[in-house]
>>> print(open('coords39.cif').read())   # mmCIF, C-alpha atoms
data_work
loop_
_atom_site.label_atom_id
_atom_site.label_comp_id
_atom_site.auth_asym_id
_atom_site.auth_seq_id
_atom_site.Cartn_x
_atom_site.Cartn_y
_atom_site.Cartn_z
CA MET A 1 37.14 125.44 223.74
CA LEU A 2 36.78 122.63 226.28
CA ILE A 3 33.04 122.64 225.82
CA MET A 4 33.46 122.34 222.03
CA LYS A 5 35.87 119.41 222.40
CA ALA A 6 33.48 117.60 224.71
CA LEU A 7 30.58 118.23 222.33
CA LYS A 8 32.55 116.90 219.36
CA LYS A 9 33.47 113.78 221.30
CA TYR A 10 29.82 113.18 222.17
CA ILE A 11 28.74 113.57 218.56
CA VAL A 12 31.35 111.10 217.33
CA ILE A 13 30.22 108.49 219.89
CA LEU A 14 26.58 109.01 218.93
CA LEU A 15 27.32 108.61 215.22
CA LEU A 16 29.25 105.40 215.85
CA ALA A 17 26.33 104.01 217.81
CA ILE A 18 23.85 104.85 215.08
CA THR A 19 26.13 103.29 212.48
CA ALA A 20 26.39 100.06 214.50
CA VAL A 21 22.62 99.79 214.84
CA THR A 22 22.19 100.44 211.13
CA VAL A 23 24.71 97.75 210.16
CA CYS A 24 23.06 95.22 212.45
CA SER A 25 19.61 96.04 211.09
CA CYS A 26 20.77 95.64 207.49
CA GLY A 27 22.29 92.29 208.31
CA GLU A 28 19.23 90.92 210.06
CA GLU A 29 16.33 92.21 207.93
CA LYS A 30 15.58 92.44 204.21
CA LEU A 31 14.66 95.78 202.72
CA GLY A 32 10.99 96.38 202.04
CA PRO A 33 9.48 97.47 198.73
CA SER A 34 10.89 100.65 197.18
CA ILE A 35 9.04 103.86 197.83
CA PHE A 36 9.95 104.85 194.23
CA PRO A 37 8.33 102.12 192.12
CA ASP A 38 8.83 102.02 188.36
CA VAL A 39 6.27 104.12 186.52
CA ASP A 40 3.92 102.05 184.39
CA ASP A 41 4.01 103.66 180.96
CA THR A 42 1.91 101.06 179.23
CA LEU A 43 -0.39 102.74 176.74
CA ASP A 44 -4.12 102.43 177.26
CA PRO A 45 -5.72 101.11 174.04
CA THR A 46 -9.07 102.53 175.13
CA SER A 47 -7.68 106.06 175.36
CA SER A 48 -8.85 108.59 172.74
CA THR A 49 -5.21 109.48 172.11
CA TYR A 50 -3.92 105.90 171.98
CA LYS A 51 -3.07 105.86 168.25
CA PHE A 52 -1.16 109.13 168.43
CA ASP A 53 0.64 108.11 171.62
CA LYS A 54 1.65 104.82 170.03
CA TRP A 55 2.90 106.60 166.92
CA LEU A 56 4.91 109.05 169.05
CA ARG A 57 6.53 106.17 170.87
CA GLN A 58 7.47 104.37 167.66
CA THR A 59 8.57 107.56 165.88
CA PHE A 60 10.46 109.48 168.58
CA ARG A 61 10.88 107.60 171.84
CA ASP A 62 12.06 104.21 170.63
CA PRO A 63 14.61 105.39 168.01
CA TYR A 64 15.75 108.64 169.69
CA ASN A 65 14.98 108.21 173.40
CA LEU A 66 12.91 111.39 173.03
CA ASP A 67 9.73 112.28 174.92
CA PHE A 68 7.26 114.25 172.81
CA LEU A 69 5.18 116.09 175.41
CA TYR A 70 2.04 117.59 173.95
CA ARG A 71 0.16 117.69 177.24
CA MET A 72 1.65 120.85 178.73
CA GLU A 73 3.43 120.16 182.01
CA ASP A 74 3.46 122.98 184.53
CA VAL A 75 6.66 121.64 186.10
CA GLY A 76 8.32 121.99 182.71
CA THR A 77 7.25 125.57 182.04
CA ASN A 78 8.17 128.99 183.36
CA MET A 79 5.46 129.91 185.84
CA ASN A 80 6.11 133.61 185.23
CA TYR A 81 4.22 133.30 181.93
CA ASN A 82 0.50 132.84 181.46
CA LEU A 83 0.53 129.84 179.13
CA VAL A 84 -2.15 127.79 177.40
CA PRO A 85 -1.89 124.05 176.58
CA ALA A 86 -1.57 122.96 172.98
CA ASN A 87 -4.69 121.75 171.17
CA TYR A 88 -4.68 118.05 170.32
CA GLU A 89 -5.16 118.38 166.55
CA GLN A 90 -2.44 121.01 166.19
CA SER A 91 -0.15 118.84 168.31
CA VAL A 92 -0.62 115.92 165.93
CA ASP A 93 0.00 118.19 162.95
CA LEU A 94 3.20 119.61 164.44
CA ALA A 95 4.48 116.16 165.41
CA VAL A 96 4.07 115.02 161.81
CA LEU A 97 5.84 118.15 160.54
CA CYS A 98 8.67 117.67 163.04
CA LYS A 99 9.23 114.19 161.69
CA TYR A 100 9.09 115.06 158.00
CA LEU A 101 10.85 118.44 158.00
CA TRP A 102 13.33 118.01 160.84
CA PHE A 103 14.13 114.47 161.95
CA ASP A 104 13.84 112.81 158.54
CA VAL A 105 15.96 115.58 157.02
CA TYR A 106 18.87 115.05 159.43
CA ASN A 107 18.57 111.30 159.11
CA LYS A 108 18.99 111.57 155.35
CA VAL A 109 21.73 114.20 155.32
CA ALA A 110 23.68 113.45 158.52
CA GLY A 111 22.92 109.76 159.04
CA GLU A 112 20.60 107.95 161.43
CA GLU A 113 23.02 108.10 164.36
CA PHE A 114 23.36 111.89 164.35
CA LEU A 115 20.12 112.78 166.13
CA LYS A 116 20.50 109.79 168.42
CA GLN A 117 23.71 111.39 169.66
CA TYR A 118 23.01 115.13 169.42
CA GLY A 119 19.24 115.49 169.20
CA PRO A 120 17.06 116.78 172.06
CA ARG A 121 15.61 114.36 174.59
CA ILE A 122 12.40 116.30 175.17
CA LEU A 123 10.09 118.14 172.79
CA HIS A 124 7.53 120.14 174.73
CA LEU A 125 4.55 121.83 173.07
CA VAL A 126 2.78 124.91 174.43
CA GLY A 127 -0.33 126.37 172.82
CA SER A 128 0.37 130.05 173.40
CA PRO A 129 3.42 132.28 173.16
CA ALA A 130 5.37 133.29 176.25
CA MET A 131 4.80 137.04 176.34
CA ASN A 132 7.28 139.45 177.92
CA ALA A 133 5.17 142.46 178.88
CA LEU A 134 8.18 144.63 179.71
CA SER A 135 9.88 144.33 176.32
CA GLY A 136 6.78 143.67 174.23
CA THR A 137 8.36 140.51 172.80
CA GLU A 138 7.23 136.92 172.69
CA ILE A 139 9.08 133.64 172.96
CA VAL A 140 8.25 131.07 170.28
CA GLY A 141 10.97 128.56 171.10
CA LEU A 142 13.46 127.58 173.79
CA ALA A 143 16.41 125.22 174.02
CA GLU A 144 17.18 124.27 177.61
CA GLY A 145 20.24 122.48 178.92
CA GLY A 146 21.05 120.96 175.55
CA VAL A 147 18.32 118.35 175.99
CA LYS A 148 14.93 120.06 175.77
CA VAL A 149 13.23 122.09 173.03
CA THR A 150 9.97 123.89 173.74
CA LEU A 151 7.80 125.09 170.86
CA PHE A 152 5.17 127.75 171.60
CA LYS A 153 2.16 129.13 169.67
CA VAL A 154 1.12 125.64 168.62
CA ASN A 155 -2.56 126.64 168.64
CA GLU A 156 -1.89 129.05 165.78
CA LEU A 157 -0.57 126.32 163.50
CA ASP A 158 -2.08 126.36 160.01
CA VAL A 159 -0.77 123.41 158.06
CA ASN A 160 -1.64 125.09 154.74
CA ASP A 161 0.37 128.30 155.35
CA ILE A 162 4.01 127.53 154.52
CA ALA A 163 5.23 131.06 155.29
CA SER A 164 3.70 130.94 158.77
CA LEU A 165 4.97 127.41 159.32
CA ASN A 166 8.48 128.58 158.43
CA GLU A 167 8.37 131.60 160.69
CA LEU A 168 6.75 130.02 163.75
CA TYR A 169 7.93 126.41 163.74
CA PHE A 170 10.38 125.20 161.10
CA LYS A 171 12.82 128.05 161.68
CA THR A 172 12.35 127.65 165.43
CA MET A 173 13.13 123.94 165.26
CA HIS A 174 16.43 124.49 163.45
CA HIS A 175 17.21 127.60 165.53
CA GLU A 176 16.83 125.78 168.85
CA PHE A 177 18.69 122.74 167.56
CA ALA A 178 21.56 125.01 166.54
CA HIS A 179 21.69 126.16 170.16
CA ILE A 180 21.95 122.55 171.30
CA LEU A 181 24.78 121.93 168.85
CA HIS A 182 26.79 125.02 169.80
CA GLN A 183 26.47 124.04 173.46
CA THR A 184 28.39 120.92 172.40
CA LYS A 185 30.89 122.56 170.05
CA THR A 186 31.61 126.25 170.60
CA ILE A 187 30.75 128.93 168.05
CA PRO A 188 33.66 129.78 165.70
CA VAL A 189 35.88 132.57 167.00
CA THR A 190 35.76 134.43 163.69
CA PHE A 191 31.95 134.53 163.77
CA ARG A 192 32.13 136.53 166.99
CA THR A 193 34.17 139.26 165.31
CA TYR A 194 32.00 140.19 162.31
CA SER A 195 29.40 142.22 164.20
CA ALA A 196 31.25 142.96 167.44
CA GLY A 197 29.95 146.22 168.89
CA TYR A 198 26.65 146.06 167.00
CA TYR A 199 24.74 143.66 169.24
CA ASP A 200 21.98 145.09 171.42
CA GLY A 201 20.36 142.69 173.85
CA SER A 202 17.78 145.13 175.17
CA ASN A 203 16.53 147.12 172.14
CA TRP A 204 16.86 144.67 169.25
CA GLN A 205 13.07 144.44 168.85
CA SER A 206 12.88 148.19 168.21
CA ARG A 207 15.59 148.32 165.55
CA ASP A 208 14.73 148.51 161.86
CA SER A 209 15.32 145.05 160.37
CA ARG A 210 16.31 146.52 156.98
CA LEU A 211 19.00 148.67 158.57
CA LEU A 212 20.19 145.59 160.48
CA ASN A 213 20.39 143.64 157.22
CA SER A 214 22.78 146.32 155.95
CA GLN A 215 24.86 145.77 159.08
CA GLY A 216 25.14 142.04 158.41
CA PHE A 217 22.23 140.54 160.37
CA VAL A 218 19.63 138.30 158.75
CA THR A 219 16.90 139.30 161.26
CA SER A 220 16.39 141.78 164.07
CA TYR A 221 16.63 138.99 166.65
CA ALA A 222 20.02 138.02 165.26
CA SER A 223 21.30 141.40 166.44
CA SER A 224 20.48 140.63 170.09
CA ALA A 225 23.52 138.42 170.83
CA VAL A 226 26.23 136.38 169.11
CA ARG A 227 24.60 133.04 169.96
CA GLU A 228 21.25 134.20 168.56
CA ASP A 229 22.98 135.55 165.46
CA PHE A 230 24.60 132.16 164.92
CA ALA A 231 21.35 130.21 165.39
CA GLU A 232 19.33 132.65 163.25
CA THR A 233 21.88 132.47 160.42
CA ILE A 234 21.76 128.67 160.32
CA ALA A 235 18.00 128.35 160.74
CA ASN A 236 17.05 130.94 158.13
CA TYR A 237 19.60 129.62 155.65
CA ILE A 238 18.00 126.19 155.90
CA VAL A 239 14.29 127.01 155.79
CA GLN A 240 13.81 130.32 153.99
CA PRO A 241 13.17 130.25 150.21
CA ASP A 242 15.22 132.05 147.59
CA GLU A 243 12.83 135.00 147.35
CA TRP A 244 13.22 135.64 151.08
CA TRP A 245 16.99 135.70 150.73
CA ASP A 246 16.78 137.94 147.65
CA TYR A 247 14.95 140.50 149.78
CA ILE A 248 17.48 140.25 152.63
CA TYR A 249 20.42 140.75 150.27
CA THR A 250 18.68 143.69 148.62
CA MET A 251 18.16 145.39 151.96
CA ALA A 252 21.73 144.52 152.99
CA SER A 253 23.15 146.18 149.87
CA ARG A 254 21.43 149.53 150.38
CA GLY A 255 22.42 152.63 152.23
CA TRP A 256 20.13 153.88 154.97
CA ALA A 257 19.44 157.28 156.50
CA THR A 258 17.28 158.34 159.43
CA ASP A 259 14.94 161.27 159.82
CA GLY A 260 15.71 161.45 163.52
CA ASP A 261 18.34 160.69 166.12
CA PRO A 262 20.23 157.51 165.12
CA GLN A 263 20.49 156.62 168.82
CA ASN A 264 16.71 156.65 169.10
CA PRO A 265 15.42 153.09 168.61
CA ASP A 266 12.16 154.52 167.22
CA ALA A 267 13.88 156.54 164.51
CA ALA A 268 12.61 155.76 161.02
CA TYR A 269 15.15 154.70 158.39
CA TYR A 270 14.84 155.22 154.66
CA CYS A 271 16.81 153.99 151.65
CA TYR A 272 15.44 156.47 149.09
CA TYR A 273 14.95 160.21 149.18
CA TYR A 274 13.76 162.88 146.78
CA TYR A 275 14.11 166.64 146.43
CA GLU A 276 11.18 168.96 146.98
CA ASN A 277 9.77 170.24 143.65
CA ASN A 278 12.11 167.74 142.03
CA GLU A 279 14.96 170.24 142.29
CA ALA A 280 18.04 170.36 144.48
CA GLY A 281 17.07 171.99 147.71
CA ASP A 282 15.64 170.73 150.95
CA GLU A 283 16.05 166.98 151.15
CA HIS A 284 13.02 164.98 152.22
CA LEU A 285 14.32 161.62 153.33
CA LYS A 286 11.49 159.24 152.75
CA TYR A 287 11.32 155.52 152.15
CA VAL A 288 9.06 154.91 149.17
CA SER A 289 7.57 151.45 148.86
CA ASN A 290 6.46 151.96 145.26
CA VAL A 291 9.79 152.99 143.76
CA VAL A 292 9.86 152.21 140.06
CA GLU A 293 13.15 151.16 138.50
CA GLU A 294 13.51 151.98 134.82
CA THR A 295 16.32 152.15 132.27
CA ASP A 296 16.67 155.31 130.22
CA GLU A 297 17.71 155.56 126.56
CA ASP A 298 21.38 155.67 127.57
CA GLY A 299 21.11 152.42 129.52
CA ASN A 300 21.23 154.11 132.92
CA VAL A 301 19.00 152.90 135.75
CA VAL A 302 16.62 155.60 136.98
CA TYR A 303 14.39 155.37 140.05
CA TYR A 304 11.04 157.14 140.15
CA VAL A 305 8.62 157.72 143.02
CA GLY A 306 5.90 155.64 141.43
CA ASN A 307 4.05 157.74 138.86
CA LEU A 308 4.12 160.94 140.91
CA THR A 309 4.91 164.15 139.07
CA ASP A 310 5.87 167.65 140.15
CA SER A 311 4.05 170.90 139.32
CA ASP A 312 5.65 170.93 135.87
CA GLY A 313 4.50 167.40 135.09
CA ASN A 314 7.95 165.85 135.45
CA ARG A 315 8.17 162.48 137.15
CA ILE A 316 9.73 162.71 140.59
CA ILE A 317 13.09 160.99 140.80
CA ALA A 318 14.00 158.88 143.82
CA TYR A 319 17.65 158.79 144.84
CA PRO A 320 19.18 155.79 146.63
CA VAL A 321 20.78 156.74 149.94
CA GLN A 322 24.53 156.36 149.74
CA ASP A 323 25.93 153.51 151.84
CA GLU A 324 28.46 155.40 153.95
CA ASP A 325 28.57 153.40 157.19
CA GLY A 326 31.60 151.38 156.08
CA ILE A 327 29.78 148.07 156.63
CA ASP A 328 29.30 145.67 153.74
CA GLY A 329 26.17 143.86 154.91
CA VAL A 330 26.09 141.36 152.04
CA THR A 331 29.69 140.30 152.60
CA ILE A 332 29.21 139.94 156.37
CA ILE A 333 26.10 137.81 155.95
CA ASN A 334 27.95 135.57 153.50
CA GLN A 335 30.92 135.30 155.88
CA LYS A 336 28.60 134.23 158.69
CA ILE A 337 26.99 131.59 156.50
CA GLU A 338 30.40 130.32 155.47
CA ASP A 339 31.53 130.08 159.09
CA ALA A 340 28.40 128.08 159.94
CA ARG A 341 28.97 125.89 156.88
CA GLN A 342 32.58 125.09 157.84
CA TRP A 343 31.66 124.61 161.51
CA LEU A 344 28.97 122.04 160.79
CA ARG A 345 31.21 120.20 158.36
CA THR A 346 34.28 120.18 160.63
CA GLU A 347 32.65 119.56 164.01
CA PHE A 348 29.72 117.34 163.01
CA ASN A 349 30.41 116.15 159.45
CA VAL A 350 27.12 117.74 158.35
CA ASP A 351 26.66 119.56 155.04
CA LEU A 352 24.68 122.78 155.59
CA ASP A 353 23.91 123.18 151.90
CA LYS A 354 22.51 119.66 151.67
CA LEU A 355 20.33 120.39 154.70
CA ARG A 356 18.97 123.46 152.93
CA GLU A 357 18.51 121.60 149.65
CA GLU A 358 16.61 118.79 151.37
CA VAL A 359 14.35 121.12 153.34
CA GLN A 360 13.59 123.31 150.32
CA SER A 361 12.74 120.22 148.29
CA ARG A 362 10.46 118.82 150.99
CA GLN A 363 8.65 122.12 151.45
CA LEU A 364 7.49 121.97 147.83
CA ASN A 365 5.36 118.87 148.45
CA TYR A 366 5.12 118.64 152.23
CA LEU A 367 1.31 118.53 152.29
CA GLN A 368 1.23 115.33 150.28
CA HIS A 369 3.53 113.56 152.72
CA PHE A 370 1.83 115.21 155.68
CA ASN A 371 -1.50 113.68 154.68
CA VAL A 372 0.07 110.25 154.22
CA ILE A 373 1.58 110.29 157.71
CA ARG A 374 -1.65 111.56 159.26
CA ALA A 375 -3.46 108.64 157.63
CA GLU A 376 -0.87 106.24 159.06
CA ILE A 377 -1.64 107.55 162.55
CA ASP A 378 -5.39 107.23 162.04
CA ASN A 379 -4.99 103.62 160.83
CA MET A 380 -2.76 102.44 163.67
CA GLN A 381 -3.99 99.36 165.53
#
>>> encode(input="coords39.cif", output="structure tokens")
Amino acid sequence: MLIMKALKKYIVILLLAITAVTVCSCGEEKLGPSIFPDVDDTLDPTSSTYKFDKWLRQTFRDPYNLDFLYRMEDVGTNMNYNLVPANYEQSVDLAVLCKYLWFDVYNKVAGEEFLKQYGPRILHLVGSPAMNALSGTEIVGLAEGGVKVTLFKVNELDVNDIASLNELYFKTMHHEFAHILHQTKTIPVTFRTYSAGYYDGSNWQSRDSRLLNSQGFVTSYASSAVREDFAETIANYIVQPDEWWDYIYTMASRGWATDGDPQNPDAAYYCYYYYENNEAGDEHLKYVSNVVEETDEDGNVVYYVGNLTDSDGNRIIAYPVQDEDGIDGVTIINQKIEDARQWLRTEFNVDLDKLREEVQSRQLNYLQHFNVIRAEIDNMQ
């Protein structure tokens, strides 16, 4: 104990001496130049990317304080993945699409200040997906810390394929932005209750998406966690066309049966079955993609297995599987959409239906505007 007291006393004296010398030095000498000088971010007009870099600054950095990083930065990526940088041309294309189908949409619907307050501060492009070899899944988008959105698979961008653009980029943009928003304002409590007990964070990729529709999920990924369910509901509602939603609601309204163990993630699910020899007997549960729906002379709807006939020449009847799981998938999906609608309106004064209407309208003629903006970039001085 005495030794410790003596040591403490010595340390205090030494610190006082160092402090005195430091104070004297500061008083007698001026500080030298900083070892952290300001970074010169002046654009080089001789650079091959000068026009695009200038457009990015005027379009994203100046109004939104947002860095659009198309040169992949290793310090900004997960080194556990084998990633490829984004190609220049696809990066320009995606930047134009981000402006027209994301930023301009929110500016029109939510006002110019909305993205300045809530929008990301970094958009980072990566050419390849981030593959998870263990689960067999791939990451196409990330929202990190409420300030950064990373978009993957940029090198696969085909500006003429609207379905692919929706699936890989547009949906991802709105999905990741929804994550940023719910990190600011928490997900509604009621939303967490609709599918409680049905989320599966480890096997969602192996579950039949049609069965999951009937359980109230819009996609398989939505069934992985509440936060992903929330983001997927918002993103798909905004970007997917009516025919996509018609299919989801059709799948959600059907009953489903499995030909194996329901606990087996590889079990196949079917929504139609037929009887062998077209007579009551052994059931053969089988999903038939070419089911034909017809109305008989009494006005009743009859389902047939295409044009197949039995040994007697009678058309084989397909029977819809009865929905006996006690889950109304259509109602649950609609409840989730309504929760998201009320949440955006209450917490952010944003109209979800107007966002959808604006995006759907822009998708009808996006190529025309895309070409105009690309020309603006090419003509920059």
>>> atom_distance(input="coords39.cif", atom1="atom CA of A:Ala222", atom2="atom CA of A:Gln263")
18.9 Å
>>> closest_residue(input="coords39.cif", among="A:Trp256, A:Tyr64, A:Tyr273, A:Tyr88", to="A:Ser209", atoms="only C-alpha atoms")
A:Trp256
>>> resolve_selection(input="coords39.cif", expression="the PyMOL selection byres ((chain A and resi 99-105) around 8)", output="NGL selection string")
:A and (59 or 95-98 or 106-109 or 115 or 170 or 173-174 or 355 or 358-359 or 362-363 or 366 or 369-370)
>>> closest_residue(input="coords39.cif", among="A:Trp245, A:Tyr199, A:Tyr272, A:Phe68", to="A:Lys54", atoms="all atoms listed in the file")
A:Phe68
>>> resolve_selection(input="coords39.cif", expression="the PyMOL selection byres ((chain A and resi 247) around 12)", output="list in words")
Ser209, Arg210, Asn213, Ser214, Val218, Thr219, Gln240, Pro241, Asp242, Glu243, Trp244, Trp245, Asp246, Ile248, Tyr249, Thr250, Met251, Ala252, Ser253, Arg254 and Val330 of chain A
>>> write_last_selection(input="coords39.cif", atoms="C-alpha atoms", output="PDB file, keeping the file's coordinate frame")
ATOM      1  CA  SER A 209      15.320 145.050 160.370  1.00  0.00           C
ATOM      2  CA  ARG A 210      16.310 146.520 156.980  1.00  0.00           C
ATOM      3  CA  ASN A 213      20.390 143.640 157.220  1.00  0.00           C
ATOM      4  CA  SER A 214      22.780 146.320 155.950  1.00  0.00           C
ATOM      5  CA  VAL A 218      19.630 138.300 158.750  1.00  0.00           C
ATOM      6  CA  THR A 219      16.900 139.300 161.260  1.00  0.00           C
ATOM      7  CA  GLN A 240      13.810 130.320 153.990  1.00  0.00           C
ATOM      8  CA  PRO A 241      13.170 130.250 150.210  1.00  0.00           C
ATOM      9  CA  ASP A 242      15.220 132.050 147.590  1.00  0.00           C
ATOM     10  CA  GLU A 243      12.830 135.000 147.350  1.00  0.00           C
ATOM     11  CA  TRP A 244      13.220 135.640 151.080  1.00  0.00           C
ATOM     12  CA  TRP A 245      16.990 135.700 150.730  1.00  0.00           C
ATOM     13  CA  ASP A 246      16.780 137.940 147.650  1.00  0.00           C
ATOM     14  CA  ILE A 248      17.480 140.250 152.630  1.00  0.00           C
ATOM     15  CA  TYR A 249      20.420 140.750 150.270  1.00  0.00           C
ATOM     16  CA  THR A 250      18.680 143.690 148.620  1.00  0.00           C
ATOM     17  CA  MET A 251      18.160 145.390 151.960  1.00  0.00           C
ATOM     18  CA  ALA A 252      21.730 144.520 152.990  1.00  0.00           C
ATOM     19  CA  SER A 253      23.150 146.180 149.870  1.00  0.00           C
ATOM     20  CA  ARG A 254      21.430 149.530 150.380  1.00  0.00           C
ATOM     21  CA  VAL A 330      26.090 141.360 152.040  1.00  0.00           C
TER      22      VAL A 330
END
>>> atom_distance(input="coords39.cif", atom1="atom CA of A:Tyr70", atom2="atom CA of A:Lys153")
12.3 Å
>>> atom_distance(input="coords39.cif", atom1="atom CA of A:Asn87", atom2="atom CA of A:Asn132")
22.4 Å
>>> residues_around(input="coords39.cif", residues="stretch 182-198 of chain A", least_positions_apart="2", cutoff="7 Å", atoms="only C-alpha atoms", output="PyMOL selection string")
chain A and resi 146+178-180+200+226+332+336+339+343+347
>>> resolve_selection(input="coords39.cif", expression="the PyMOL selection byres ((chain A and resi 316-328) around 6)", output="PDB file with C-alpha atoms, keeping the file's coordinate frame")
ATOM      1  CA  GLN A 215      24.860 145.770 159.080  1.00  0.00           C
ATOM      2  CA  GLY A 255      22.420 152.630 152.230  1.00  0.00           C
ATOM      3  CA  TRP A 256      20.130 153.880 154.970  1.00  0.00           C
ATOM      4  CA  CYS A 271      16.810 153.990 151.650  1.00  0.00           C
ATOM      5  CA  TYR A 272      15.440 156.470 149.090  1.00  0.00           C
ATOM      6  CA  TYR A 273      14.950 160.210 149.180  1.00  0.00           C
ATOM      7  CA  TYR A 274      13.760 162.880 146.780  1.00  0.00           C
ATOM      8  CA  ASN A 278      12.110 167.740 142.030  1.00  0.00           C
ATOM      9  CA  TYR A 303      14.390 155.370 140.050  1.00  0.00           C
ATOM     10  CA  TYR A 304      11.040 157.140 140.150  1.00  0.00           C
ATOM     11  CA  VAL A 305       8.620 157.720 143.020  1.00  0.00           C
ATOM     12  CA  LEU A 308       4.120 160.940 140.910  1.00  0.00           C
ATOM     13  CA  THR A 309       4.910 164.150 139.070  1.00  0.00           C
ATOM     14  CA  ARG A 315       8.170 162.480 137.150  1.00  0.00           C
ATOM     15  CA  GLY A 329      26.170 143.860 154.910  1.00  0.00           C
ATOM     16  CA  VAL A 330      26.090 141.360 152.040  1.00  0.00           C
ATOM     17  CA  THR A 331      29.690 140.300 152.600  1.00  0.00           C
TER      18      THR A 331
END
>>> residues_around(input="coords39.cif", residues="A:Ile139", least_positions_apart="6", cutoff="10 Å", atoms="all atoms listed in the file", output="ChimeraX atom specification")
/A:128-132,150-153
>>> closest_residue(input="coords39.cif", among="A:Arg61, A:Pro120, A:Asn155, A:Ile333", to="A:Pro85", atoms="all atoms listed in the file")
A:Asn155
>>> closest_residue(input="coords39.cif", among="A:Asn314, A:Asn160, A:Gln335, A:Thr49", to="A:Thr233", atoms="only C-alpha atoms")
A:Gln335
>>> residues_around(input="coords39.cif", residues="A:Ala268", least_positions_apart="4", cutoff="7 Å", atoms="all atoms listed in the file", output="PyMOL selection string")
chain A and resi 258-260
>>> decode(input="coords39.cif", residues="stretch 300-312 of chain A", atoms="N, CA and C atoms", output="compact mmCIF listing (two decimals), in the first residue's frame")
# COMPACT_ATOMS: atom_id res chain seq x y z
N ASN A 300 -71.63 -22.34 -62.79
CA ASN A 300 -70.63 -22.70 -61.80
C ASN A 300 -69.23 -22.71 -62.43
N VAL A 301 -68.25 -22.26 -61.64
CA VAL A 301 -66.87 -22.26 -62.11
C VAL A 301 -66.30 -23.67 -61.95
N VAL A 302 -65.71 -24.19 -63.01
CA VAL A 302 -65.10 -25.51 -63.00
C VAL A 302 -63.64 -25.38 -63.43
N TYR A 303 -62.75 -26.07 -62.71
CA TYR A 303 -61.33 -26.05 -63.05
C TYR A 303 -60.96 -27.39 -63.70
N TYR A 304 -60.24 -27.30 -64.80
CA TYR A 304 -59.77 -28.50 -65.49
C TYR A 304 -58.25 -28.50 -65.56
N VAL A 305 -57.67 -29.71 -65.57
CA VAL A 305 -56.23 -29.85 -65.71
C VAL A 305 -55.91 -29.73 -67.20
N GLY A 306 -55.84 -28.49 -67.67
CA GLY A 306 -55.60 -28.25 -69.08
C GLY A 306 -56.65 -28.96 -69.92
N ASN A 307 -56.19 -29.66 -70.94
CA ASN A 307 -57.09 -30.44 -71.80
C ASN A 307 -56.91 -31.94 -71.59
N LEU A 308 -56.33 -32.31 -70.46
CA LEU A 308 -56.10 -33.74 -70.19
C LEU A 308 -57.43 -34.46 -69.98
N THR A 309 -57.48 -35.70 -70.41
CA THR A 309 -58.67 -36.52 -70.22
C THR A 309 -58.28 -37.86 -69.60
N ASP A 310 -59.26 -38.52 -68.98
CA ASP A 310 -59.01 -39.82 -68.40
C ASP A 310 -59.23 -40.91 -69.46
N SER A 311 -59.21 -42.17 -69.02
CA SER A 311 -59.33 -43.29 -69.95
C SER A 311 -60.69 -43.33 -70.65
N ASP A 312 -61.68 -42.69 -70.05
CA ASP A 312 -63.01 -42.66 -70.65
C ASP A 312 -63.23 -41.41 -71.51
